[in-house]
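The structure appears below as structure tokens.
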2 protein chains.
Amino acid sequence: MGLTNHQFRLAARPVGLPRDSDWDRVEEPVGEPDDGQLLVQVIYLSLDPAMRGWMNAGKSYIPPVEIGEVMRAAAVGKVIASRNDRFAEGDYVTGPFGVQEYCLSDGRGVIGIDPSTAPLPVYLGTLGMTGMTAYFGLIDIGRPQAGETVVVSGAAGAVGSVVGQVAKILGCRVVGIAGGAAKCRMLVDELGFDAAIDYKSEDIRKSLRDHAPDGVDVYFDNVGGDTLDAVLTRLARGARIVICGAISQYNSVEPVKGPANYLSLLVNRASMTGMVVFDYADRYPEAVARLAEWLAQGRLRTVEDVVDGGLGDFPDTLLRLFRGENTGKLVLKIADE
Amino acid sequence: MGLTNHQFRLAARPVGLPRDSDWDRVEEPVGEPDDGQLLVQVIYLSLDPAMRGWMNAGKSYIPPVEIGEVMRAAAVGKVIASRNDRFAEGDYVTGPFGVQEYCLSDGRGVIGIDPSTAPLPVYLGTLGMTGMTAYFGLIDIGRPQAGETVVVSGAAGAVGSVVGQVAKILGCRVVGIAGGAAKCRMLVDELGFDAAIDYKSEDIRKSLRDHAPDGVDVYFDNVGGDTLDAVLTRLARGARIVICGAISQYNSVEPVKGPANYLSLLVNRASMTGMVVFDYADRYPEAVARLAEWLAQGRLRTVEDVVDGGLGDFPDTLLRLFRGENTGKLVLKIADE
């Protein structure tokens with residue numbers, strides 16, 4: 001077809017925040033699909049804090065992106081050629097297409113999506129991995145009961161904004177922790193949180209005394225660091241902490257700050273459990289169905305922060321996550337729908 | 001009866017290791033039992049790392065010992081006078097009698113024991129709170145399956161030595177972490193552990209690579225600090241960490257060292273859960289029955305470290321715990337049986 005692909009490949013493993021020199025900008029011709037393959041034009045790129053971890057060497061829940069590889073990213077795109085039985089030209093799809101304009105895929109991890117059900121970026125957010133993470137982390141690991149107090153950090157972020165709203169739907173009292181007055185206002189005024197704590201201007205421990213007077217039953221942690229330590233001091237007996245991420249630590253060049261107050265787990269017979277969304281793959285349809293129903297009923301609001309740029313804006317857009325500049329799901333638009 | 005009681009009362013809240021000036025030695029006449037009370041002569045005092053925590057102010061799983069109060073301690077003794085229907089003169093009993101020679105008790109928390117079933121100190125160890133802690137922490141929180149690898153720290157201590165042996169009985173591979181070659185030899189040669197790691201001379205991470213090649217499924221932590229951090233690097237997927245104590249941190253005047261490698265919980269979908277033995281009070285009989293059966297069958301060895309001294313030896317004997325000088329359950333004998 002004579003198309004040209006632009007890609008971001010990993011040039012070096014970052015120390016601290018990713019820098020421009022950690023990326024190789026590569027231009028190469030787009031290949032033709034072989035038997036079983038489909039060719040996808042990428043429209044929306046998902047930007048996730050977890051991407052920072054994928055750039056590090058070493059064993060994790062997923063292999064690292066190797067030096068020279070196209071940077072891993074979830075994305076939404078349109079099939080422009082297909083020799084795969086499951087997909088036809090013109091289909092909209094989501095999958096691990098990477099930070100590039102075109103992806104030749106064998107169909108693994110690719111799912112067809114319906115743009116009439118929800119706008120395309122929602123398939124990277126509430127109806128994508130973000131929503132799956134929030135749903136299974138909260139419900140399966142957090143196990144909230146109606147009437148309990150659920151606290152979520154990174155509450156105005158992609159996962160946090162869904163966690164808090166789902167907890168409200170389940171009948172919990174919900175307190176969000178976020179950075180800045182505007183985000184906190186949004187949590188309470190637009191997403192229905194019972195309270196929000198601005199970690200930039202408030203003492204989290206003190207504010208939790210007001211907003212979670214009976215202690216925290218479920219804490220969904222996206223940030224780690226001092227916030228995790230603060231919430232540990234306010235656990236209710238039998239509390240469940242969901243370790244979903246630790247964005248405060250991902251770019252630190254210091255050793256990770258372990259939770260000094262972890263013995264609160266003992267005092268309160270509490271647990272801290274890690275989760276990786278991929279483990280729930282066989283139950284994604286359950287979560288998508290419920291989340292889509294809540295969306296349709298207007299009980300759940302999906303928040304996307306779509307940057308209308310191009311592939312070249314990827315490095316800067318990624319950094320917005322670590323500066324706390326996004327509200328809801330951060331998505332980079334790199335082509336027209 | 002004209003008896004004189006000697007007691008250790010808390011004089012000051014220790015900073016770091018308890019010092020002599022943190023204790024008040026008090027002498028007072030022994031009272032007569034009122035209606036419902038029994039008078040116990042204390043024979044064996046239980047010495048437990050948890051005692052250090054009880055000396056601190058602040059909310060915990062149990063109220064602190066107040067300044068001026070008799071130091072809290074579990075003990076075994078003999079009823080020398082009783083106006084309580086449940087107990088008669090001459091009965092042997094265990095209960096929270098405190099660091100003193102005689103205790104006037106209303107019977108709460110007091111249990112009759114049979115010296116023909118097991119030597120009296122065993123009722124403070126394997127058949128006492130120590131055994132209960134090991135049993136419920138391992139079985140209910142750790143949930144080991146036959147064939148899994150169980151690692152226990154403080155393995156030559158009171159709780160650890162029971163945890164490791166019970167895990168062996170349940171069909172697990174068991175690795176103990178202890179301080180010094182003699183303790184490690186005992187674990188393997190006498191208690192049947194599969195391997196032991198001497199944290200004083202070995203690199204725990206490296207040794208775990210040899211002794212737990214498939215990773216650690218259950219980690220029963222009595223020590224915290226660097227040991228916890230080392231084991232966190234070797235978790236198997238779905239590992240369960242039981243937080244029973246953190247003796248490495250109890251006397252630190254620095255802030256507690258939080259586990260910097262806690263994100264291994266996420267990578268490995270693992271959990272870290274605190275436990276307090278008192279929560280299992282209604283199931284103590286189940287544990288006592290099973291532990292006693294294993295003792296009788298010779299499948300479980302009980303290890304007591306009985307210091308044959310007197311009440312005055314209490315402060316020094318307590319410090320032996322924090323110097324790692326005891327093997328098995330540390331008990332201070334303060335009167336003849």
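If you're wondering about the labels, chains in the structure tokens are A, B, ... by order shown, residues count from 1 in each chain, ligands from 1 in order shown.
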Neighbours of chain B in chain A at 7 Å, counting only C-alpha atoms, as a list in words
Ser60, Tyr61, Ile243, Cys244, Val256, Lys257, Gly258, Pro259, Ala260, Asn261, Tyr262, Leu265, Leu266, Val267, Asn268, Arg269, Ala270, Ser271, Met272, Thr273, Gly274, Met275 and Val276 of chain A
Expected file contents, prior selection, C-alpha atoms, as a PDB file, in the first residue's frame:
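Written file, part-v1.pdb:
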```pdb
ATOM      1  CA  SER A  60       8.006  -8.275  36.562  1.00  0.00           C
ATOM      2  CA  TYR A  61       4.439  -9.354  35.849  1.00  0.00           C
ATOM      3  CA  ILE A 243      -1.901  -2.572  45.667  1.00  0.00           C
ATOM      4  CA  CYS A 244      -2.635  -1.566  42.098  1.00  0.00           C
ATOM      5  CA  VAL A 256      11.419   2.647  46.765  1.00  0.00           C
ATOM      6  CA  LYS A 257       9.982   4.048  49.980  1.00  0.00           C
ATOM      7  CA  GLY A 258       8.530   1.058  51.766  1.00  0.00           C
ATOM      8  CA  PRO A 259       5.447   1.627  53.914  1.00  0.00           C
ATOM      9  CA  ALA A 260       6.942   2.340  57.338  1.00  0.00           C
ATOM     10  CA  ASN A 261       3.515   1.915  58.940  1.00  0.00           C
ATOM     11  CA  TYR A 262       3.008  -1.598  57.614  1.00  0.00           C
ATOM     12  CA  LEU A 265      -1.629  -4.535  59.156  1.00  0.00           C
ATOM     13  CA  LEU A 266      -0.917  -6.559  62.286  1.00  0.00           C
ATOM     14  CA  VAL A 267      -2.656  -4.246  64.741  1.00  0.00           C
ATOM     15  CA  ASN A 268      -5.750  -4.112  62.514  1.00  0.00           C
ATOM     16  CA  ARG A 269      -5.691  -7.673  61.140  1.00  0.00           C
ATOM     17  CA  ALA A 270      -5.549  -6.083  57.738  1.00  0.00           C
ATOM     18  CA  SER A 271      -4.195  -7.248  54.417  1.00  0.00           C
ATOM     19  CA  MET A 272      -2.299  -5.703  51.532  1.00  0.00           C
ATOM     20  CA  THR A 273      -2.656  -7.563  48.254  1.00  0.00           C
ATOM     21  CA  GLY A 274      -1.218  -6.976  44.827  1.00  0.00           C
ATOM     22  CA  MET A 275      -3.245  -7.351  41.661  1.00  0.00           C
ATOM     23  CA  VAL A 276      -2.522  -7.604  37.962  1.00  0.00           C
TER      24      VAL A 276
END
```
Using DSSP on the backbone coordinates, identify the residues of segment 71-282 of chain B assigned to strand (DSSP E); present them as a VMD selection string.
chain B and resid 75 to 82 92 to 95 102 to 105 111 to 113 149 to 153 173 to 178 195 to 198 216 to 221 235 to 243 271 to 274
Can you list, as number ranges by chain, every protein, DNA or RNA residue that comes within 12 Å of Gln165 of chain A when you count only C-alpha atoms, leaving out same-chain residues fewer than 3 positions away?
A: 126, 131, 134-135, 138, 150-152, 155-156, 158-162, 168-176, 187-188, 190-194, 291, 294-295, 298-303
List the spatial neighbours of Val30 of chain B as a ChimeraX atom specification - criterion: any atom at most 10 Å away, only C-alpha atoms, same-chain residues fewer than 6 positions off excluded.
/B:1-6,39,101-104
Pick from A:Ala75, A:Thr130, A:Ala236, A:Leu319: nearest to Arg209 of chain A, with only C-alpha atoms counted?
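Smallest distance to Arg209 of chain A is found for A:Ala236.
Atom CA of Val307 of chain B is found 14.7 Å from atom CA of Pro119 of chain B.
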Distance of atom CA of Leu330 of chain A from atom CA of Ile80 of chain A, expressed in Å to one decimal place:
25.1 Å
Please provide as an mmCIF file with C-alpha atoms, in the first residue's frame all residues within 6 Å of segment 15-23 of chain B, with the sequence filter that same-chain residues fewer than 6 positions apart are discarded (counting only C-alpha atoms).
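Heads up, here's the output in around.cif:
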```cif
data_model
loop_
_atom_site.group_PDB
_atom_site.id
_atom_site.type_symbol
_atom_site.label_atom_id
_atom_site.label_comp_id
_atom_site.auth_asym_id
_atom_site.auth_seq_id
_atom_site.Cartn_x
_atom_site.Cartn_y
_atom_site.Cartn_z
ATOM 1 C CA ARG B 9 5.756 -2.340 87.473
ATOM 2 C CA ASN B 251 13.602 -1.459 69.994
ATOM 3 C CA SER B 252 14.619 0.787 67.146
ATOM 4 C CA VAL B 253 14.729 4.472 67.922
#
```
Excluding segment 285-289 of chain B and residues on its chain fewer than 3 positions from it, collect all residues at most 7 Å away from it, counting only C-alpha atoms, and give them as a list in words.
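So the residues in contact are Leu127, Met132, Tyr135, Ala292 and Glu293 of chain B.
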Residue nearest Ile334 of chain A among A:Ala146, A:Ala281, A:Ala81, A:Leu311 (counting only C-alpha atoms)
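Closest residue, counting only C-alpha atoms: A:Leu311.
Atom CA of Leu321 of chain A is positioned 15.3 Å from atom CA of Leu124 of chain A.
Shortest separation to Pro33 of chain A among A:Lys206, A:Arg185, A:Arg83, A:Arg108 occurs at residue A:Arg83, atoms counted being only C-alpha atoms.
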